[in-house]
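The next block holds one structure in the form of structure tokens; read it before the comments.
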Amino acid sequence: MHYSRFFMMIGTSTVVMFVLMYLNTYLWGHIFFSETRLYMAILMGATMAVIMLAYMLSMYQNTKANIAIFGGAILVFAASLWLVRGQFTVQDRSYMRAMIPHHSIAIMTSTRAEITDPRVRGLADDIIYAQDKEIAEMRYLIADIGANGEASATPTGTPVQVVDAQQALQTEVVSKIDPEFLTEDEIAAVFPNGGDCRFAYTSDSPAVLVTGETGEGTGAAMKISGDLVRLDAQGENAFSQGPLSAEIVETDGDLTDLIVSAEPTTKPGSVVNSPAPDKEESICPGTQTVNPRSFIAWSCRAMSAPTV
């Protein structure tokens, strides 16, 4: 048998294995090229070459060629394993492209597994929410780094000090604001008609921002830290209520960027939920900003946002 057929089998199998690695991705939109998966496919192809040739030595009787194939396959295996374990070629955007399908696996498993224990179900729901918002954030960063380059490093802040447990709980600071999933009942509490436009982390996840018309005018609904908040329109694509604001930025693609921020209500450093009457209370000790994320916009009837 010609060795060309052998190499064709190995090459075809390697390509097929690379493609098959994406079959456990939850959504088509979560499929991104992954260097790590490519290296793993090559590693498995090299392993297959050794195993197949070992079983088919009677069909391939050129000793020198066989030794070369075994030696080459071992070298390819070692190099692929070195690249997989070391991640030397993976940079910012390629890292996030690899992590999106990886996160998608966690979403699929957490969504479709037959979970009966309510504690495990709660854990799975938390995982789904975390992976959804991180995928949206990574998609935003991939596009932003590609368009504007890498951001500069930010100051690390004040040094950490040792305090007692009560003081640590009283001075808790929320460093990020993450819009949470909205249920249909929560949406109906603000928009009885369901709203005009819904924004979600992915096309399959619940909405995290809903805009529409109410008796009080155009507004938006969002859930922060378990609390439902109604935001008033401050222009075509901007909403705010007290210290909390949300800005919708349309992109050239099928995604819409949403930036949420909260300004301090009292001077920075105020004690949060302090029981002392002479202490000022602040829900936002400093300006807090959600990491900008790219959101899927769907069910849009009034706003000119992309629909999927």
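Chain labels run A, B, ... following the order of the structure tokens; each chain numbers its residues from 1, and ligands are numbered from 1 in the order shown.
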
Could you give me, as a PyMOL selection string, the residues within 10 Å of Thr36 in chain A, counting only C-alpha atoms and dropping anything in the same chain fewer than 4 positions from it? chain A and resi 40-42+80-81+83-85+87+89-90+94-95+98-99

Residue set, range 51-244 of chain A restricted to strand (DSSP E), as a count of residues only: 32

With a distance cut-off of 10 Å and only C-alpha atoms, select the neighbouring residues of Ala113 in chain A, excluding the residue or stretch itself and same-chain residues fewer than 5 positions from it, and output the selection as a list in words. Met108, Arg121 and Ala124 of chain A

Store the residues picked out above in a file with N, CA and C atoms, as a PDB file, in the first residue's frame.
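Output file part19.pdb is given in full below:
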ATOM      1  N   MET A 108     -23.978  24.667  27.899  1.00  0.00           N
ATOM      2  CA  MET A 108     -24.758  23.538  27.401  1.00  0.00           C
ATOM      3  C   MET A 108     -24.976  22.493  28.491  1.00  0.00           C
ATOM      4  N   ARG A 121     -28.983  22.846  41.058  1.00  0.00           N
ATOM      5  CA  ARG A 121     -29.653  23.656  40.043  1.00  0.00           C
ATOM      6  C   ARG A 121     -29.286  25.139  40.192  1.00  0.00           C
ATOM      7  N   ALA A 124     -25.835  25.573  38.876  1.00  0.00           N
ATOM      8  CA  ALA A 124     -25.840  25.543  37.410  1.00  0.00           C
ATOM      9  C   ALA A 124     -26.355  26.855  36.829  1.00  0.00           C
TER      10      ALA A 124
END

Would you kindly return, as a JSON list (two decimals) with N, CA and C atoms, in the first residue's frame, each protein, DNA or RNA residue with an atom no farther than 12 Å from any atom of Leu43 in chain A, considering only C-alpha atoms and excluding same-chain residues fewer than 4 positions away?
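And here is the file that came out, out02.json:
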[["chain", "number", "residue", "atom", "x", "y", "z"],
["A", 10, "ILE", "N", -4.32, 10.08, 7.85],
["A", 10, "ILE", "CA", -3.96, 10.83, 9.05],
["A", 10, "ILE", "C", -4.38, 12.29, 8.93],
["A", 11, "GLY", "N", -4.12, 12.89, 7.77],
["A", 11, "GLY", "CA", -4.48, 14.29, 7.57],
["A", 11, "GLY", "C", -5.98, 14.52, 7.63],
["A", 13, "SER", "N", -8.21, 12.59, 9.12],
["A", 13, "SER", "CA", -8.67, 12.33, 10.49],
["A", 13, "SER", "C", -8.37, 13.52, 11.40],
["A", 14, "THR", "N", -7.22, 14.16, 11.20],
["A", 14, "THR", "CA", -6.85, 15.31, 12.02],
["A", 14, "THR", "C", -7.83, 16.47, 11.80],
["A", 15, "VAL", "N", -8.16, 16.74, 10.55],
["A", 15, "VAL", "CA", -9.12, 17.81, 10.24],
["A", 15, "VAL", "C", -10.49, 17.49, 10.81],
["A", 17, "MET", "N", -11.21, 15.55, 13.37],
["A", 17, "MET", "CA", -11.18, 15.65, 14.83],
["A", 17, "MET", "C", -11.24, 17.11, 15.29],
["A", 18, "PHE", "N", -10.58, 18.00, 14.55],
["A", 18, "PHE", "CA", -10.63, 19.42, 14.90],
["A", 18, "PHE", "C", -12.06, 19.94, 14.80],
["A", 36, "THR", "N", -5.61, 26.31, 20.68],
["A", 36, "THR", "CA", -5.44, 25.15, 21.55],
["A", 36, "THR", "C", -6.12, 23.92, 20.96],
["A", 37, "ARG", "N", -7.31, 24.08, 20.42],
["A", 37, "ARG", "CA", -8.01, 22.95, 19.81],
["A", 37, "ARG", "C", -7.27, 22.47, 18.56],
["A", 38, "LEU", "N", -6.67, 23.38, 17.82],
["A", 38, "LEU", "CA", -5.88, 22.98, 16.66],
["A", 38, "LEU", "C", -4.68, 22.15, 17.09],
["A", 39, "TYR", "N", -3.98, 22.60, 18.13],
["A", 39, "TYR", "CA", -2.84, 21.83, 18.63],
["A", 39, "TYR", "C", -3.27, 20.46, 19.14],
["A", 47, "THR", "N", -0.68, 10.88, 17.40],
["A", 47, "THR", "CA", -0.93, 9.65, 18.15],
["A", 47, "THR", "C", -1.56, 8.59, 17.26],
["A", 48, "MET", "N", -2.51, 9.00, 16.44],
["A", 48, "MET", "CA", -3.16, 8.07, 15.52],
["A", 48, "MET", "C", -2.17, 7.50, 14.52],
["A", 49, "ALA", "N", -1.22, 8.32, 14.07],
["A", 49, "ALA", "CA", -0.22, 7.84, 13.10],
["A", 49, "ALA", "C", 0.60, 6.71, 13.69],
["A", 50, "VAL", "N", 1.00, 6.85, 14.94],
["A", 50, "VAL", "CA", 1.78, 5.79, 15.60],
["A", 50, "VAL", "C", 0.95, 4.52, 15.75],
["A", 72, "GLY", "N", 8.94, 11.00, 13.43],
["A", 72, "GLY", "CA", 8.29, 12.28, 13.14],
["A", 72, "GLY", "C", 7.02, 12.46, 13.94],
["A", 73, "ALA", "N", 6.24, 11.38, 14.08],
["A", 73, "ALA", "CA", 5.00, 11.46, 14.85],
["A", 73, "ALA", "C", 5.28, 11.78, 16.31],
["A", 74, "ILE", "N", 6.35, 11.18, 16.85],
["A", 74, "ILE", "CA", 6.70, 11.45, 18.25],
["A", 74, "ILE", "C", 7.12, 12.91, 18.42],
["A", 75, "LEU", "N", 7.88, 13.43, 17.46],
["A", 75, "LEU", "CA", 8.29, 14.83, 17.53],
["A", 75, "LEU", "C", 7.08, 15.77, 17.43],
["A", 76, "VAL", "N", 6.17, 15.47, 16.50],
["A", 76, "VAL", "CA", 4.96, 16.29, 16.36],
["A", 76, "VAL", "C", 4.12, 16.22, 17.63],
["A", 77, "PHE", "N", 4.00, 15.03, 18.22],
["A", 77, "PHE", "CA", 3.26, 14.87, 19.48],
["A", 77, "PHE", "C", 3.88, 15.74, 20.57],
["A", 78, "ALA", "N", 5.22, 15.67, 20.70],
["A", 78, "ALA", "CA", 5.90, 16.44, 21.75],
["A", 78, "ALA", "C", 5.74, 17.94, 21.53],
["A", 79, "ALA", "N", 5.88, 18.38, 20.27],
["A", 79, "ALA", "CA", 5.74, 19.81, 19.98],
["A", 79, "ALA", "C", 4.32, 20.29, 20.23],
["A", 80, "SER", "N", 3.33, 19.49, 19.84],
["A", 80, "SER", "CA", 1.93, 19.87, 20.06],
["A", 80, "SER", "C", 1.61, 19.93, 21.54],
["A", 81, "LEU", "N", 2.10, 18.95, 22.29],
["A", 81, "LEU", "CA", 1.87, 18.94, 23.73],
["A", 81, "LEU", "C", 2.53, 20.15, 24.39],
["A", 82, "TRP", "N", 3.71, 20.51, 23.93],
["A", 82, "TRP", "CA", 4.42, 21.68, 24.45],
["A", 82, "TRP", "C", 3.62, 22.96, 24.19],
["A", 83, "LEU", "N", 3.04, 23.06, 23.00],
["A", 83, "LEU", "CA", 2.24, 24.24, 22.66],
["A", 83, "LEU", "C", 0.93, 24.27, 23.45],
["A", 84, "VAL", "N", 0.31, 23.10, 23.64],
["A", 84, "VAL", "CA", -0.95, 23.03, 24.39],
["A", 84, "VAL", "C", -0.72, 23.41, 25.85],
["A", 85, "ARG", "N", 0.31, 22.84, 26.45],
["A", 85, "ARG", "CA", 0.56, 23.08, 27.87],
["A", 85, "ARG", "C", 1.16, 24.46, 28.13]]

Figure out the distance between CA of Met1 in chain A and CA of Met59 in chain A, please, to one decimal in Å. 6.0 Å
